[in-house]
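Peer 1: File follows, protein12.tsv with TSV, C-alpha atoms:
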```tsv
chain	number	residue	atom	x	y	z
A	1	MET	CA	-12.40	12.76	-2.22
A	2	SER	CA	-12.43	14.04	1.35
A	3	PRO	CA	-10.28	17.11	2.03
A	4	ASN	CA	-7.66	15.23	4.05
A	5	ARG	CA	-7.54	12.06	1.96
A	6	GLY	CA	-4.96	13.55	-0.39
A	7	ASP	CA	-2.66	14.31	2.55
A	8	ASP	CA	-3.30	10.90	4.12
A	9	LEU	CA	-2.45	9.07	0.90
A	10	GLY	CA	0.44	11.27	-0.12
A	11	GLU	CA	2.59	13.27	2.24
A	12	LYS	CA	1.65	11.40	5.44
A	13	THR	CA	2.27	8.02	3.82
A	14	ASP	CA	5.70	9.22	2.73
A	15	ASP	CA	6.39	10.41	6.29
A	16	TYR	CA	5.31	7.09	7.82
A	17	ARG	CA	7.59	5.18	5.43
A	18	THR	CA	10.57	6.86	7.08
A	19	ILE	CA	9.61	5.62	10.56
A	20	GLY	CA	11.00	2.08	10.70
A	21	LYS	CA	8.83	0.99	13.63
A	22	VAL	CA	5.56	1.74	11.79
A	23	GLN	CA	4.38	-1.65	10.51
A	24	GLU	CA	0.92	-0.70	9.24
A	25	TYR	CA	-0.77	2.50	8.20
A	26	VAL	CA	-4.57	2.54	7.90
A	27	VAL	CA	-6.53	5.22	6.07
A	28	ALA	CA	-10.30	5.13	6.63
A	29	ASP	CA	-12.75	7.49	4.97
A	30	SER	CA	-15.10	9.12	7.46
A	31	ARG	CA	-17.83	9.81	4.89
A	32	LYS	CA	-18.14	6.52	3.04
A	33	ARG	CA	-17.10	2.89	3.36
A	34	TRP	CA	-13.50	2.78	2.23
A	35	VAL	CA	-10.34	1.61	3.95
A	36	ARG	CA	-6.80	1.32	2.65
A	37	VAL	CA	-3.91	-0.36	4.46
A	38	TYR	CA	-0.22	-0.05	3.82
A	39	ARG	CA	1.90	-2.81	5.39
A	40	ARG	CA	5.64	-3.06	5.76
A	41	ASN	CA	6.96	-6.23	4.12
A	42	ALA	CA	10.00	-8.35	5.05
A	43	ASP	CA	12.23	-6.03	2.99
A	44	GLY	CA	11.03	-3.04	5.02
A	45	LEU	CA	8.99	-1.53	2.18
A	46	PHE	CA	5.38	-0.41	2.45
A	47	VAL	CA	3.09	-2.43	0.21
A	48	LEU	CA	-0.53	-1.62	-0.50
A	49	ASP	CA	-3.30	-4.06	0.39
A	50	PRO	CA	-6.37	-4.01	-1.84
A	51	ASP	CA	-8.82	-1.27	-0.83
A	52	ARG	CA	-11.78	-2.54	1.17
A	53	ILE	CA	-15.39	-1.52	1.55
A	54	GLY	CA	-16.59	-4.49	3.60
A	55	GLY	CA	-15.58	-7.56	5.54
A	56	SER	CA	-12.89	-7.59	8.16
A	57	LEU	CA	-9.35	-6.35	8.20
A	58	TRP	CA	-6.50	-8.15	9.99
A	59	LEU	CA	-4.03	-5.82	11.66
A	60	GLY	CA	-0.94	-7.86	12.40
A	61	SER	CA	0.78	-5.04	14.25
A	62	ILE	CA	-1.78	-5.30	17.05
A	63	GLU	CA	-2.78	-8.91	16.35
A	64	ASN	CA	-6.45	-8.05	16.04
A	65	SER	CA	-9.07	-7.73	13.37
A	66	LEU	CA	-11.38	-4.85	12.60
A	67	ASP	CA	-14.85	-5.52	11.24
A	68	LEU	CA	-15.76	-2.77	8.81
A	69	ASP	CA	-19.45	-3.20	9.64
A	70	ASP	CA	-18.59	-2.21	13.21
A	71	LEU	CA	-16.51	0.71	12.02
A	72	TYR	CA	-19.24	2.01	9.71
A	73	THR	CA	-22.38	1.57	11.78
A	74	GLU	CA	-25.11	4.08	11.03
```
As structure tokens, how would this structure be written, given the file I've shared?
Peer 2:
Amino acid sequence: MSPNRGDDLGEKTDDYRTIGKVQEYVVADSRKRWVRVYRRNADGLFVLDPDRIGGSLWLGSIENSLDLDDLYTE
């Protein structure tokens, strides 16, 4: 686990939950292919999308997709 991943998945996620305008929170590992997305549902709660290591990721908050191959080019 990268040094900051624990903070990004713990304390920071808890902080972002308290900011009502935050609709999505993306955590991407800088050392290996791995992305996690938390999304706010209709009830205002953050729900976890399945972790991803490939494909594309739709980000509704900005109405755009992110191709993980583009993110993790060598």
Peer 1: Might you pull out every residue within 12 Å of segment 18-20 of chain A, with only C-alpha atoms counted and same-chain residues fewer than 5 positions away left off, and present them as a PDB file with C-alpha atoms, keeping the file's coordinate frame?
Peer 2:
```pdb
ATOM      1  CA  GLU A  11       2.590  13.270   2.240  1.00  0.00           C
ATOM      2  CA  LYS A  12       1.650  11.400   5.440  1.00  0.00           C
ATOM      3  CA  THR A  13       2.270   8.020   3.820  1.00  0.00           C
ATOM      4  CA  TYR A  25      -0.770   2.500   8.200  1.00  0.00           C
ATOM      5  CA  ARG A  39       1.900  -2.810   5.390  1.00  0.00           C
ATOM      6  CA  ARG A  40       5.640  -3.060   5.760  1.00  0.00           C
ATOM      7  CA  ASN A  41       6.960  -6.230   4.120  1.00  0.00           C
ATOM      8  CA  ALA A  42      10.000  -8.350   5.050  1.00  0.00           C
ATOM      9  CA  ASP A  43      12.230  -6.030   2.990  1.00  0.00           C
ATOM     10  CA  GLY A  44      11.030  -3.040   5.020  1.00  0.00           C
ATOM     11  CA  LEU A  45       8.990  -1.530   2.180  1.00  0.00           C
ATOM     12  CA  PHE A  46       5.380  -0.410   2.450  1.00  0.00           C
TER      13      PHE A  46
END
```
Peer 1: Which residue out of A:Val35, A:Leu57, A:Leu66, A:Val47 has the minimum interatomic distance to Arg17 of chain A when all atoms listed in the file are used?
Peer 2: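 For Arg17 of chain A, the nearest of the given residues is A:Val47.
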Peer 1: So which residues touch Glu63 of chain A within 12 Å, counting only C-alpha atoms, skipping near sequence neighbours fewer than 4 positions away, as an mmCIF file with C-alpha atoms, keeping the file's coordinate frame?
Peer 2:
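Wrote it out as part21.cif, contents follow:
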```cif
data_model
loop_
_atom_site.group_PDB
_atom_site.id
_atom_site.type_symbol
_atom_site.label_atom_id
_atom_site.label_comp_id
_atom_site.auth_asym_id
_atom_site.auth_seq_id
_atom_site.Cartn_x
_atom_site.Cartn_y
_atom_site.Cartn_z
ATOM 1 C CA GLN A 23 4.380 -1.650 10.510
ATOM 2 C CA GLU A 24 0.920 -0.700 9.240
ATOM 3 C CA LEU A 57 -9.350 -6.350 8.200
ATOM 4 C CA TRP A 58 -6.500 -8.150 9.990
ATOM 5 C CA LEU A 59 -4.030 -5.820 11.660
#
```
Peer 1: Could you jot down the atom CA of Asp51 of chain A to atom CA of Trp34 of chain A separation for me, Å, one decimal place?
Peer 2: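 Answer for the atom CA of Asp51 of chain A to atom CA of Trp34 of chain A separation: 6.9 Å.
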Peer 1: Atom CA of Val22 of chain A and atom CA of Leu48 of chain A are how many Å apart?
Peer 2: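 Atom CA of Leu48 of chain A lies at a distance of 14.1 Å from atom CA of Val22 of chain A.
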Peer 1: Counting all atoms listed in the file, which of A:Ser65, A:Thr73, A:Gly55, A:Asp14 gets nearest to Arg31 of chain A?
Peer 2: A:Thr73
Peer 1: Work out how far atom CA of Asp70 of chain A is from atom CA of Gly54 of chain A, in Å to one decimal.
Peer 2: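 Straight-line distance from atom CA of Gly54 of chain A to atom CA of Asp70 of chain A works out to 10.1 Å.
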Peer 1: Write out as a PyMOL selection string the residues lying within 8 Å of Arg36 of chain A, counting all atoms listed in the file and excluding same-chain residues fewer than 6 positions away.
Peer 2: chain A and resi 26-28+48-52
Peer 1: Give me segment 15-35 of chain A from this structure - N, CA, C and O atoms, as a short mmCIF file (atom, residue, chain, number, x, y, z; two decimals), in the first residue's frame.
Peer 2:
```
data_model
loop_
_atom_site.label_atom_id
_atom_site.label_comp_id
_atom_site.auth_asym_id
_atom_site.auth_seq_id
_atom_site.Cartn_x
_atom_site.Cartn_y
_atom_site.Cartn_z
N ASP A 15 -13.64 13.11 5.62
CA ASP A 15 -13.74 14.57 5.47
C ASP A 15 -14.62 14.93 4.27
O ASP A 15 -15.47 15.82 4.37
N TYR A 16 -14.41 14.27 3.13
CA TYR A 16 -15.19 14.57 1.93
C TYR A 16 -16.67 14.26 2.11
O TYR A 16 -17.53 14.91 1.53
N ARG A 17 -16.98 13.26 2.91
CA ARG A 17 -18.39 12.93 3.18
C ARG A 17 -19.14 14.10 3.81
O ARG A 17 -20.34 14.24 3.63
N THR A 18 -18.43 14.93 4.55
CA THR A 18 -19.08 16.04 5.24
C THR A 18 -19.31 17.25 4.34
O THR A 18 -20.02 18.17 4.73
N ILE A 19 -18.74 17.23 3.14
CA ILE A 19 -18.90 18.35 2.20
C ILE A 19 -20.01 17.96 1.22
O ILE A 19 -19.80 17.17 0.30
N GLY A 20 -21.19 18.50 1.42
CA GLY A 20 -22.36 18.11 0.65
C GLY A 20 -22.24 18.28 -0.86
O GLY A 20 -22.87 17.55 -1.62
N LYS A 21 -21.43 19.22 -1.30
CA LYS A 21 -21.31 19.46 -2.74
C LYS A 21 -20.39 18.46 -3.44
O LYS A 21 -20.40 18.38 -4.66
N VAL A 22 -19.59 17.72 -2.70
CA VAL A 22 -18.72 16.71 -3.30
C VAL A 22 -19.57 15.54 -3.73
O VAL A 22 -20.21 14.88 -2.91
N GLN A 23 -19.63 15.29 -5.04
CA GLN A 23 -20.45 14.21 -5.59
C GLN A 23 -19.66 12.94 -5.84
O GLN A 23 -20.22 11.85 -5.82
N GLU A 24 -18.38 13.08 -6.13
CA GLU A 24 -17.52 11.92 -6.40
C GLU A 24 -16.15 12.18 -5.80
O GLU A 24 -15.69 13.32 -5.77
N TYR A 25 -15.53 11.10 -5.37
CA TYR A 25 -14.18 11.17 -4.82
C TYR A 25 -13.40 10.02 -5.43
O TYR A 25 -13.78 8.86 -5.30
N VAL A 26 -12.35 10.34 -6.17
CA VAL A 26 -11.56 9.34 -6.89
C VAL A 26 -10.20 9.20 -6.21
O VAL A 26 -9.52 10.19 -5.94
N VAL A 27 -9.83 7.95 -5.95
CA VAL A 27 -8.50 7.64 -5.42
C VAL A 27 -7.80 6.79 -6.47
O VAL A 27 -8.30 5.74 -6.85
N ALA A 28 -6.65 7.27 -6.96
CA ALA A 28 -5.88 6.55 -7.96
C ALA A 28 -4.48 6.30 -7.42
O ALA A 28 -3.84 7.22 -6.90
N ASP A 29 -4.03 5.07 -7.52
CA ASP A 29 -2.69 4.71 -7.07
C ASP A 29 -1.69 5.20 -8.11
O ASP A 29 -1.88 5.00 -9.30
N SER A 30 -0.62 5.83 -7.66
CA SER A 30 0.38 6.34 -8.59
C SER A 30 1.42 5.30 -8.97
O SER A 30 2.19 5.50 -9.90
N ARG A 31 1.44 4.17 -8.27
CA ARG A 31 2.47 3.16 -8.52
C ARG A 31 1.99 1.94 -9.27
O ARG A 31 2.79 1.20 -9.82
N LYS A 32 0.69 1.69 -9.24
CA LYS A 32 0.14 0.54 -9.96
C LYS A 32 -1.27 0.88 -10.41
O LYS A 32 -1.88 1.81 -9.92
N ARG A 33 -1.77 0.09 -11.36
CA ARG A 33 -3.13 0.29 -11.86
C ARG A 33 -4.14 -0.05 -10.78
O ARG A 33 -4.30 -1.21 -10.42
N TRP A 34 -4.79 0.98 -10.27
CA TRP A 34 -5.82 0.77 -9.28
C TRP A 34 -6.54 2.09 -9.04
O TRP A 34 -5.90 3.11 -8.74
N VAL A 35 -7.85 2.07 -9.21
CA VAL A 35 -8.66 3.27 -9.00
C VAL A 35 -9.90 2.88 -8.21
O VAL A 35 -10.52 1.85 -8.47
#
```
